[in-house]
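Heads up: the structure comes next, in structure tokens.
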Amino acid sequence: MNLQTQPTEEYKAPSEETAWSRVKKAVAPLAVIGVVIAKFFAKLKFVLLPLLKFFPILLKSGGTMLLMVWVYTQMWGWQFALGFVLLLLVHETGHLLVAKKFGLKVGAPVFIPFMGAFIALKEAPRNAWMEACVGIGGPMLGSLGALVCNLLGEAFASPLFIALAWFGYFLNLFNLTPVGMLDGRASIRSSANEPRKNSVILKSHPPSA
């Protein structure tokens, strides 16, 4: 009878886990998360960079708008203050759109409590027709905004919208006065053969309470 002896396996003591291996196991998930976050921000930069580029403009226009809303809220309440400042924004947007249409470089709207709002033309209009159009653009779009408020006030029987409409009408009519830095002066300046300056400021003066 043949007796086959099986080789005995040598006993191996369990290997102890080193500190470095424990660190690698702990850091590995964090490294994966870091790679995912890096890829996310790499794609997000295409959105963030334009926002950062226009952040000073947003801060200047938005910040001065909020300041004006806060000041007028103390006098008229937040609803009328917000509506009135938005009407000013519509007015200044009229100047901005016409100036952009003619390819003129303009600054962002700036709002000053009790003074109004303005945009600065960074270059002079090239002819009298262009200057008149830029000057009249604010009152035209501003009056349209006041008309919208009027229609909403009539439709919903809202005294707030009616009040905003009449303030808007007065604001834009007042700005057609051909004096000082008002829009009416900018519209007729060329007919009086006045020299056009490199920086023209168009203001809208809200009536004081």
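Following the order of the structure tokens, chains are lettered A, B, ..., residues in each are numbered from 1, and ligands are numbered from 1.
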
Could you pull out the strand (DSSP E) residues of segment 47-156 of chain A, going by DSSP on the backbone, and write them as a ChimeraX atom specification? /A:110-112,116-121

Can you tell me which residues surround Phe167 of chain A at a distance of at most 8 Å, considering only C-alpha atoms, apart from same-chain residues fewer than 3 positions away, and format the answer as an MDAnalysis selection string? chainID A and resid 84 146 163:164 170:171

Output for the residues just chosen: all heavy atoms as a PDB file, in the first residue's frame:
ATOM      1  N   PHE A  84     -41.157 102.819  -9.698  1.00  0.00           N
ATOM      2  CA  PHE A  84     -40.632 104.080 -10.213  1.00  0.00           C
ATOM      3  C   PHE A  84     -39.198 103.920 -10.722  1.00  0.00           C
ATOM      4  O   PHE A  84     -38.837 104.432 -11.784  1.00  0.00           O
ATOM      5  CB  PHE A  84     -40.685 105.145  -9.122  1.00  0.00           C
ATOM      6  CG  PHE A  84     -40.302 106.507  -9.594  1.00  0.00           C
ATOM      7  CD1 PHE A  84     -41.171 107.253 -10.367  1.00  0.00           C
ATOM      8  CD2 PHE A  84     -39.068 107.042  -9.281  1.00  0.00           C
ATOM      9  CE1 PHE A  84     -40.819 108.516 -10.817  1.00  0.00           C
ATOM     10  CE2 PHE A  84     -38.705 108.299  -9.727  1.00  0.00           C
ATOM     11  CZ  PHE A  84     -39.585 109.036 -10.499  1.00  0.00           C
ATOM     12  N   ALA A 146     -44.623 103.851 -19.327  1.00  0.00           N
ATOM     13  CA  ALA A 146     -45.709 104.472 -18.562  1.00  0.00           C
ATOM     14  C   ALA A 146     -47.070 104.058 -19.110  1.00  0.00           C
ATOM     15  O   ALA A 146     -48.016 103.836 -18.347  1.00  0.00           O
ATOM     16  CB  ALA A 146     -45.562 105.996 -18.606  1.00  0.00           C
ATOM     17  N   ALA A 163     -50.814 105.501 -10.621  1.00  0.00           N
ATOM     18  CA  ALA A 163     -49.879 106.502 -10.097  1.00  0.00           C
ATOM     19  C   ALA A 163     -48.523 106.397 -10.793  1.00  0.00           C
ATOM     20  O   ALA A 163     -47.918 107.416 -11.162  1.00  0.00           O
ATOM     21  CB  ALA A 163     -49.724 106.320  -8.589  1.00  0.00           C
ATOM     22  N   LEU A 164     -48.040 105.181 -10.999  1.00  0.00           N
ATOM     23  CA  LEU A 164     -46.775 104.993 -11.705  1.00  0.00           C
ATOM     24  C   LEU A 164     -46.863 105.525 -13.129  1.00  0.00           C
ATOM     25  O   LEU A 164     -45.915 106.135 -13.642  1.00  0.00           O
ATOM     26  CB  LEU A 164     -46.393 103.510 -11.715  1.00  0.00           C
ATOM     27  CG  LEU A 164     -45.876 102.930 -10.393  1.00  0.00           C
ATOM     28  CD1 LEU A 164     -45.737 101.417 -10.491  1.00  0.00           C
ATOM     29  CD2 LEU A 164     -44.525 103.546 -10.028  1.00  0.00           C
ATOM     30  N   PHE A 170     -45.130 112.259 -16.606  1.00  0.00           N
ATOM     31  CA  PHE A 170     -44.529 113.536 -16.223  1.00  0.00           C
ATOM     32  C   PHE A 170     -43.014 113.496 -16.372  1.00  0.00           C
ATOM     33  O   PHE A 170     -42.394 114.447 -16.848  1.00  0.00           O
ATOM     34  CB  PHE A 170     -44.916 113.879 -14.782  1.00  0.00           C
ATOM     35  CG  PHE A 170     -44.257 115.137 -14.282  1.00  0.00           C
ATOM     36  CD1 PHE A 170     -44.731 116.392 -14.657  1.00  0.00           C
ATOM     37  CD2 PHE A 170     -43.163 115.072 -13.447  1.00  0.00           C
ATOM     38  CE1 PHE A 170     -44.114 117.554 -14.215  1.00  0.00           C
ATOM     39  CE2 PHE A 170     -42.540 116.223 -12.988  1.00  0.00           C
ATOM     40  CZ  PHE A 170     -43.022 117.464 -13.375  1.00  0.00           C
ATOM     41  N   LEU A 171     -42.415 112.396 -15.931  1.00  0.00           N
ATOM     42  CA  LEU A 171     -40.964 112.251 -16.007  1.00  0.00           C
ATOM     43  C   LEU A 171     -40.466 112.425 -17.435  1.00  0.00           C
ATOM     44  O   LEU A 171     -39.520 113.180 -17.697  1.00  0.00           O
ATOM     45  CB  LEU A 171     -40.558 110.873 -15.470  1.00  0.00           C
ATOM     46  CG  LEU A 171     -39.146 110.377 -15.796  1.00  0.00           C
ATOM     47  CD1 LEU A 171     -38.123 111.184 -15.014  1.00  0.00           C
ATOM     48  CD2 LEU A 171     -39.005 108.898 -15.474  1.00  0.00           C
TER      49      LEU A 171
END

Neighbours of segment 86-90 of chain A within 8 Å (only C-alpha atoms; same-chain residues fewer than 2 positions away dropped), as a short mmCIF file (atom, residue, chain, number, x, y, z; two decimals) with N, CA, C and O atoms, in the first residue's frame?
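And here is the file that came out, result_13.cif:
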data_model
loop_
_atom_site.label_atom_id
_atom_site.label_comp_id
_atom_site.auth_asym_id
_atom_site.auth_seq_id
_atom_site.Cartn_x
_atom_site.Cartn_y
_atom_site.Cartn_z
N LEU A 82 -40.05 100.62 -6.14
CA LEU A 82 -39.55 99.66 -7.11
C LEU A 82 -40.09 99.97 -8.50
O LEU A 82 -39.33 99.97 -9.49
N GLY A 83 -41.38 100.24 -8.61
CA GLY A 83 -41.96 100.55 -9.92
C GLY A 83 -41.38 101.81 -10.52
O GLY A 83 -41.10 101.85 -11.73
N PHE A 84 -41.16 102.82 -9.70
CA PHE A 84 -40.63 104.08 -10.21
C PHE A 84 -39.20 103.92 -10.72
O PHE A 84 -38.84 104.43 -11.78
N GLU A 92 -33.78 104.95 -19.38
CA GLU A 92 -32.36 104.94 -19.74
C GLU A 92 -32.05 103.85 -20.76
O GLU A 92 -31.14 104.00 -21.58
N THR A 93 -32.81 102.76 -20.72
CA THR A 93 -32.61 101.70 -21.71
C THR A 93 -32.93 102.21 -23.11
O THR A 93 -32.32 101.77 -24.09
N GLY A 94 -33.89 103.14 -23.21
CA GLY A 94 -34.19 103.73 -24.51
C GLY A 94 -32.98 104.43 -25.10
O GLY A 94 -32.64 104.26 -26.28
N PRO A 109 -26.08 102.29 -17.12
CA PRO A 109 -26.89 103.27 -16.39
C PRO A 109 -26.46 103.38 -14.93
O PRO A 109 -26.12 102.38 -14.29
N GLY A 116 -31.85 111.36 -10.35
CA GLY A 116 -32.33 110.61 -11.50
C GLY A 116 -31.38 109.51 -11.88
O GLY A 116 -30.76 108.86 -11.03
N ALA A 117 -31.23 109.32 -13.17
CA ALA A 117 -30.33 108.31 -13.70
C ALA A 117 -29.69 108.85 -14.96
O ALA A 117 -30.20 109.78 -15.59
N GLY A 138 -34.83 107.86 -24.97
CA GLY A 138 -35.24 107.65 -23.59
C GLY A 138 -36.69 108.01 -23.34
O GLY A 138 -37.47 107.19 -22.84
N LEU A 141 -39.17 105.40 -25.18
CA LEU A 141 -39.34 104.10 -24.53
C LEU A 141 -39.90 104.27 -23.12
O LEU A 141 -40.71 103.46 -22.66
N GLY A 142 -39.51 105.35 -22.45
CA GLY A 142 -40.03 105.61 -21.11
C GLY A 142 -41.53 105.87 -21.14
O GLY A 142 -42.26 105.40 -20.26
N GLY A 145 -43.27 102.63 -21.47
CA GLY A 145 -43.36 101.95 -20.18
C GLY A 145 -44.47 102.52 -19.31
O GLY A 145 -45.19 101.78 -18.63
N ALA A 146 -44.62 103.85 -19.33
CA ALA A 146 -45.71 104.47 -18.56
C ALA A 146 -47.07 104.06 -19.11
O ALA A 146 -48.02 103.84 -18.35
N GLY A 168 -44.66 108.46 -14.63
CA GLY A 168 -43.85 108.17 -15.81
C GLY A 168 -44.11 109.16 -16.94
O GLY A 168 -43.16 109.61 -17.60
N SER A 204 -32.25 111.75 -16.41
CA SER A 204 -33.70 111.84 -16.20
C SER A 204 -33.92 112.20 -14.75
O SER A 204 -33.42 111.53 -13.86
#

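Considering only C-alpha atoms, the residue among A:Met68, A:Asp183, A:Asn175, A:Ser61 positioned nearest to Ile112 of chain A is A:Met68.
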
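Atom CA of Val98 of chain A to atom CA of Val134 of chain A spans 5.4 Å [interatomic distance, one decimal].
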
Determine which residues of segment 45-180 of chain A receive a DSSP assignment of alpha helix (DSSP H), computed from the backbone, and state them as an MDAnalysis selection string. chainID A and resid 45:76 78:101 128:156 159:174

Would you mind reading off the distance between atom CA of Cys133 of chain A and atom CA of Pro113 of chain A, one decimal, in Å?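 So the two atoms, atom CA of Cys133 of chain A and atom CA of Pro113 of chain A, lie 26.5 Å apart.
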
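Atom CA of Tyr169 of chain A is found 5.9 Å from atom CA of Ser143 of chain A.
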